[in-house]
Amino acid sequence: MTRYIIRRILQAIPLLFIISCVLFILMNKAVDPIATMGGRTVTRAADRERLTRQLGLDKPLYMQYVYWLVGNDWTNTDMDGDGVAETPGIRHGVLRGDFGTSLVNRGTPVLQVIWERLPNTILLMVTAEFVIIVGALLVGIYSALRQYSLMDNIVTGISFVGYSMPIFFIALASMYIFSVNFKRWGLPSLPTVGMFDPKVGETWGQVAIHMVLPVFSISFISFAAYSRYIRSTMLEVLNQDYIRTAKSKGLPRREVVFVHALKNAALPIVTIVGLDLPLLLGGAVVTERIFAWPGMGRLFLDHVERGDTPVVMGILMLIAVAVVVFQIITDVTYAWLDPRIRYE
Amino acid sequence: MTTTTDPNFPITGRTGSSGGTGISAIAEVEPPPLSLSQLTWRRFRRHRMAIFGTIMLILLIAYTFGGALIISEDYANFTDMGLRLNGPSIAHPFGTDTVGRDILARTIYGGEISLLIGLTAAFVEVLVGILIGSMAGYYGGWIDSILMRFTEAMLNIPQIFLLIVISKFFGNLMPDISFLGRTYSGSVVVIILIIGLTSWPYLARIVRAEFLSIKEREFILAARATGTRTREIIFRHILPNCIAPIVVSATLGVASAITLEAYISFLGLGVRPPTATWGNMLEGAYNYLESAYWLWLFPGLLIVLIVLSINFLGDGLRDALDPRSRTV
């Protein structure tokens with residue numbers, strides 16, 4: 001097992017290297033940080049030249065990548081444009097945990113910019129994932145036990161609709177119903193934007209009530225796929241011989257379903273949860289935009305808008321690392337939970 | 001086998017179930033063997049959801065292309081500031097938008113563009129996916145390693161992020177295009193390309209897996225032994241045998257391309273006005289959430305309907321083309 005984990009980690013390194021190359025080339029071709037310079041317009045040619053030198057954009061692409069990866073504190077750069085490299089570099093490079101500094105928030109380290117937003121996104125996502133799993137388990141088990149009943153058919157229908165629905169539609173519809181119309185009808189309405197009411201301050205109650213609609217929207221979309229998945233694995237497990245044995249032993253139905261069947265049916269769920277979690281980390285771009293939730297997705301949009309290459313690269317790399325790490329964790333957990341699987 | 005248990009299905013010698021005494025009796029009434037498309041159609045039409053999806057899809061296509069015959073594009077792009085944000089009425093059944101354009105007319109022309117983007121982006125996806133998947137699967141070795149590492153790298157970056165970055169900076173690259181007497185925003189082409197060029201990794205993996213198993217079969221060995229050229233082996237002998245999963249994922253690819261276009265247009269990075277799509281009609285609609293529900297309701301509903309119907313269709317095709325694979 002240890003050897004398997006080590007091998008997976010070793011395989012992940014070249015993968016992340018390729019991802020960083022792809023992203024770096026893409027960002028380099030697509031974005032001109034000077035053109036926007038974090039929202040400030042640079043018009044004078046001399047300023048442009050100076051900024052290009054300061055950001056190291058006059059270097060060839062591979063040198064820029066090397067500087068980004070391992071830093072440039074081992075060499076001198078030419079800052080004043082006289083052809084002599086005199087200023088020692090100060091960047092440490094991504095491998096030593098330095099993603100550079102944000103262009104928008106002048107000089108703030110990228111990791112700090114991301115770190116301020118990350119907990120908000122994680123809060124939203126973990127809550128949503130929790131709601132999805134609990135709801136999908138309940139519905140999935142019910143549909144499996146009462147296959148082709150009216151309820152099963154309704155749930156199947158709803159899950160197809162949810163699966164086909166873009167998240168902004170359900171978000172707008174839920175905002176319209178639960179906030180706009182509830183207010184109109186004089187019912188207690190739910191807040192639609194932000195994380196807390198500035199007049200009240202950031203209390204737990206405020207954050208919780210502001211989370212209701214975003215969590216509902218995210219859950220509604222993913223809930224469908226999960227409950228279908230649980231339904232089909234439950235159906236498969238319920239037809240196994242050991243379930244018949246358990247039933248014929250005279251065990252109560254509740255115990256057969258929740259102990260014997262669910263334990264085995266829940267195994268594959270580990271896989272989809274593990275693969276979905278890192279995507280949820282970033283998948284909230286649209287949700288965070290609509291509900292003005294101050295998370296990483298909105299950070300990403302804001303900084304793409306203003307051509308802030310270091311922050312955008314940082315977020316993309318962070319998500320890529322999260323995806324790779326979660327893949328390894330998922331595979332290892334699965335092997336640990338399911339003794340039939342052995343990696344040699 | 002499902003075929004033998006089904007009463008609507010004629011038992012033929014091909015199913016291999018008629019052993020013993022029945023052979024001669026059945027052989028006399030045996031109809032000619034069914035072709036793949038006939039078999040597919042038989043299974044497809046039993047799938048109620050798929051039929052429902054197909055009918056809905058046909059209705060939506062009729063709505064966009066039929067509506068275009070009645071209402072002119074100039075009318076769809078006609079702005080009248082005096083009429084801005086008018087609610088649904090007889091003259092404007094779906095209301096008017098923030099600059100007084102008729103939303104009904106814009107959903108008709110927007111639907112055409114959304115469908116166009118969905119179909120062509122899926123086409124690009126299939127093209128690249130087949131090319132990369134078949135190369136990797138057929139040749140193996142270092143070609144496979146390089147192509148698959150690249151595919152994995154693409155898969156590990158969430159697609160929406162790639163789309164946002166690329167469309168933000170290349171969206172304005174193309175000039176407007178005139179085609180068949182109509183002018184399209186150049187961003188349509190850019191959006192098609194970037195959706196197609198970021199969607200292929202899943203398909204490439206499917207095609208590669210199919211190639212890996214099919215290339216070991218005996219008929220490929222036979223083809224190689226008779227000196228068939230490599231190109232012909234790949235495209236004439238192996239590819240037609242893995243057409244089922246390709247058709248299914250291409251169908252679902254159309255739905256996901258329409259959704260993705262809607263996402264990036266919703267964020268204001270997709271197709272630029274005046275060309276309408278169902279996605280960019282929704283842009284900024286949440287600013288008018290309290291006052292103008294019709295801004296997002298009608299285009300949004302149409303997106304849900306078309307994606308839903310294509311998903312039903314794809315699901316039915318999956319069951320019909322490959323009865324062994326059950327969906328989850």
# chains A, B, ... in the order shown; residues from 1 in each chain; ligands from 1
$ interface_residues --of "chain B" --to "chain A" --cutoff "6 Å" --atoms "only C-alpha atoms" --output "list in words"
Ala153, Asn156, Ile157, Phe169, Glu290, Gly300, Val304, Val307, Leu308 and Val328 of chain B
$ residues_around --residues "segment 233-249 of chain B" --least-positions-apart "5" --cutoff "7 Å" --atoms "only C-alpha atoms" --output "ChimeraX atom specification"
/B:203,210-211,214-215,228,314,317-318,321-322
$ write_last_selection --atoms "N, CA and C atoms" --output "mmCIF file, in the first residue's frame"
data_model
loop_
_atom_site.group_PDB
_atom_site.id
_atom_site.type_symbol
_atom_site.label_atom_id
_atom_site.label_comp_id
_atom_site.auth_asym_id
_atom_site.auth_seq_id
_atom_site.Cartn_x
_atom_site.Cartn_y
_atom_site.Cartn_z
ATOM 1 N N LEU B 203 -13.927 12.322 -24.373
ATOM 2 C CA LEU B 203 -14.167 11.525 -25.567
ATOM 3 C C LEU B 203 -12.892 10.802 -25.992
ATOM 4 N N GLU B 210 -11.658 2.042 -26.370
ATOM 5 C CA GLU B 210 -12.252 1.179 -27.388
ATOM 6 C C GLU B 210 -11.179 0.645 -28.329
ATOM 7 N N PHE B 211 -10.299 1.554 -28.761
ATOM 8 C CA PHE B 211 -9.236 1.149 -29.690
ATOM 9 C C PHE B 211 -8.343 0.087 -29.064
ATOM 10 N N ILE B 214 -10.276 -3.185 -29.309
ATOM 11 C CA ILE B 214 -10.599 -3.674 -30.649
ATOM 12 C C ILE B 214 -9.346 -4.033 -31.451
ATOM 13 N N LYS B 215 -8.260 -3.297 -31.233
ATOM 14 C CA LYS B 215 -7.085 -3.558 -32.080
ATOM 15 C C LYS B 215 -6.468 -4.931 -31.815
ATOM 16 N N THR B 228 -3.387 -4.268 -45.332
ATOM 17 C CA THR B 228 -4.195 -3.049 -45.327
ATOM 18 C C THR B 228 -3.385 -1.906 -44.732
ATOM 19 N N GLY B 314 -29.894 11.489 -25.654
ATOM 20 C CA GLY B 314 -28.612 10.809 -25.485
ATOM 21 C C GLY B 314 -28.760 9.562 -24.642
ATOM 22 N N LEU B 317 -30.338 6.913 -26.744
ATOM 23 C CA LEU B 317 -29.375 6.400 -27.717
ATOM 24 C C LEU B 317 -28.399 5.439 -27.050
ATOM 25 N N ARG B 318 -27.985 5.784 -25.819
ATOM 26 C CA ARG B 318 -27.048 4.923 -25.113
ATOM 27 C C ARG B 318 -27.668 3.548 -24.902
ATOM 28 N N LEU B 321 -28.145 1.854 -28.538
ATOM 29 C CA LEU B 321 -26.961 1.461 -29.295
ATOM 30 C C LEU B 321 -26.166 0.386 -28.576
ATOM 31 N N ASP B 322 -26.181 0.446 -27.244
ATOM 32 C CA ASP B 322 -25.352 -0.482 -26.505
ATOM 33 C C ASP B 322 -26.138 -0.985 -25.304
#
$ closest_residue --among "B:Asp176, B:Asp319, B:Asp97, B:Glu261" --to "Ile113 of chain B" --atoms "only C-alpha atoms"
B:Glu261
$ atom_distance --atom1 "atom CA of Leu235 of chain A" --atom2 "atom CA of Asn153 of chain A"
15.0 Å
$ residues_around --residues "Ser309 of chain B" --least-positions-apart "5" --cutoff "7 Å" --atoms "only C-alpha atoms" --output "PDB file with N, CA and C atoms, in the first residue's frame"
ATOM      1  N   GLY B  53     -38.049  13.302 -25.491  1.00  0.00           N
ATOM      2  CA  GLY B  53     -36.953  14.239 -25.749  1.00  0.00           C
ATOM      3  C   GLY B  53     -36.848  14.600 -27.219  1.00  0.00           C
ATOM      4  N   THR B  54     -36.989  13.587 -28.077  1.00  0.00           N
ATOM      5  CA  THR B  54     -36.874  13.838 -29.507  1.00  0.00           C
ATOM      6  C   THR B  54     -37.972  14.771 -29.992  1.00  0.00           C
ATOM      7  N   MET B  56     -39.665  16.926 -28.222  1.00  0.00           N
ATOM      8  CA  MET B  56     -39.454  18.263 -27.682  1.00  0.00           C
ATOM      9  C   MET B  56     -38.353  18.985 -28.463  1.00  0.00           C
ATOM     10  N   LEU B  57     -37.316  18.240 -28.806  1.00  0.00           N
ATOM     11  CA  LEU B  57     -36.209  18.826 -29.562  1.00  0.00           C
ATOM     12  C   LEU B  57     -36.684  19.310 -30.927  1.00  0.00           C
TER      13      LEU B  57
END
$ select_by_dssp --residues "segment 54-246 of chain A" --states "strand (DSSP E)" --output "VMD selection string"
chain A and resid 76 to 77 87 to 88
$ write_last_selection --atoms "N, CA and C atoms" --output "JSON list (two decimals), in the first residue's frame"
[["chain", "number", "residue", "atom", "x", "y", "z"],
["A", 76, "ASN", "N", 20.86, 38.00, -11.35],
["A", 76, "ASN", "CA", 20.60, 39.44, -11.36],
["A", 76, "ASN", "C", 19.76, 39.80, -12.58],
["A", 77, "THR", "N", 18.92, 40.82, -12.43],
["A", 77, "THR", "CA", 18.12, 41.28, -13.56],
["A", 77, "THR", "C", 18.48, 42.73, -13.87],
["A", 87, "THR", "N", 20.38, 44.25, -10.54],
["A", 87, "THR", "CA", 19.50, 44.09, -9.38],
["A", 87, "THR", "C", 19.30, 42.60, -9.09],
["A", 88, "PRO", "N", 19.60, 42.15, -7.87],
["A", 88, "PRO", "CA", 19.34, 40.74, -7.55],
["A", 88, "PRO", "C", 17.84, 40.48, -7.48]]
$ atom_distance --atom1 "atom CA of Phe258 of chain A" --atom2 "atom CA of Asp152 of chain A"
18.9 Å
$ residues_around --residues "Gly118 of chain B" --least-positions-apart "6" --cutoff "10 Å" --atoms "only C-alpha atoms" --output "PyMOL selection string"
chain B and resi 112+192+195-196+251-261
$ write_last_selection --atoms "C-alpha atoms" --output "tab-separated table (two decimals), in the first residue's frame"
chain	number	residue	atom	x	y	z
B	112	GLU	CA	-30.51	29.42	-33.70
B	192	ILE	CA	-17.33	27.39	-30.74
B	195	ILE	CA	-15.69	25.01	-26.20
B	196	GLY	CA	-14.77	22.32	-28.71
B	251	THR	CA	-25.13	13.93	-28.38
B	252	LEU	CA	-24.49	14.72	-24.75
B	253	GLY	CA	-21.67	17.01	-25.93
B	254	VAL	CA	-24.21	19.18	-27.76
B	255	ALA	CA	-26.14	19.66	-24.52
B	256	SER	CA	-23.05	20.47	-22.51
B	257	ALA	CA	-21.79	22.90	-25.18
B	258	ILE	CA	-25.10	24.79	-25.05
B	259	THR	CA	-24.89	24.91	-21.25
B	260	LEU	CA	-21.26	26.05	-21.28
B	261	GLU	CA	-22.02	28.78	-23.79
$ atom_distance --atom1 "atom CA of Leu36 of chain B" --atom2 "atom CA of Met49 of chain B"
21.3 Å
$ residues_around --residues "Leu39 of chain B" --least-positions-apart "4" --cutoff "9 Å" --atoms "only C-alpha atoms" --output "VMD selection string"
chain B and resid 34 to 35 43 to 44 320 to 321
$ write_last_selection --atoms "C-alpha atoms" --output "mmCIF file, in the first residue's frame"
data_model
loop_
_atom_site.group_PDB
_atom_site.id
_atom_site.type_symbol
_atom_site.label_atom_id
_atom_site.label_comp_id
_atom_site.auth_asym_id
_atom_site.auth_seq_id
_atom_site.Cartn_x
_atom_site.Cartn_y
_atom_site.Cartn_z
ATOM 1 C CA LEU B 34 -32.007 -6.528 -38.992
ATOM 2 C CA SER B 35 -29.385 -3.932 -39.688
ATOM 3 C CA ARG B 43 -34.834 -0.349 -28.929
ATOM 4 C CA PHE B 44 -34.921 3.430 -29.111
ATOM 5 C CA ALA B 320 -30.457 1.604 -27.845
ATOM 6 C CA LEU B 321 -26.961 1.461 -29.295
#
$ select_by_dssp --residues "segment 33-220 of chain B" --states "helix (DSSP H, G or I)" --output "JSON, numbers by chain"
{"B": [36, 37, 38, 39, 40, 41, 42, 43, 44, 45, 48, 49, 50, 51, 52, 53, 54, 55, 56, 57, 58, 59, 60, 61, 62, 63, 64, 65, 66, 67, 68, 69, 70, 73, 74, 75, 76, 81, 82, 83, 103, 104, 105, 106, 107, 108, 109, 110, 111, 112, 113, 114, 115, 116, 117, 118, 119, 120, 121, 122, 123, 124, 125, 126, 127, 128, 129, 130, 131, 132, 133, 134, 135, 136, 137, 138, 139, 141, 142, 143, 144, 145, 146, 147, 148, 149, 150, 151, 152, 153, 154, 155, 159, 160, 161, 162, 163, 164, 165, 166, 167, 168, 169, 170, 187, 188, 189, 190, 191, 192, 193, 194, 195, 196, 197, 198, 199, 200, 201, 202, 203, 204, 205, 206, 207, 208, 209, 210, 211, 212, 213, 214, 218, 219, 220]}
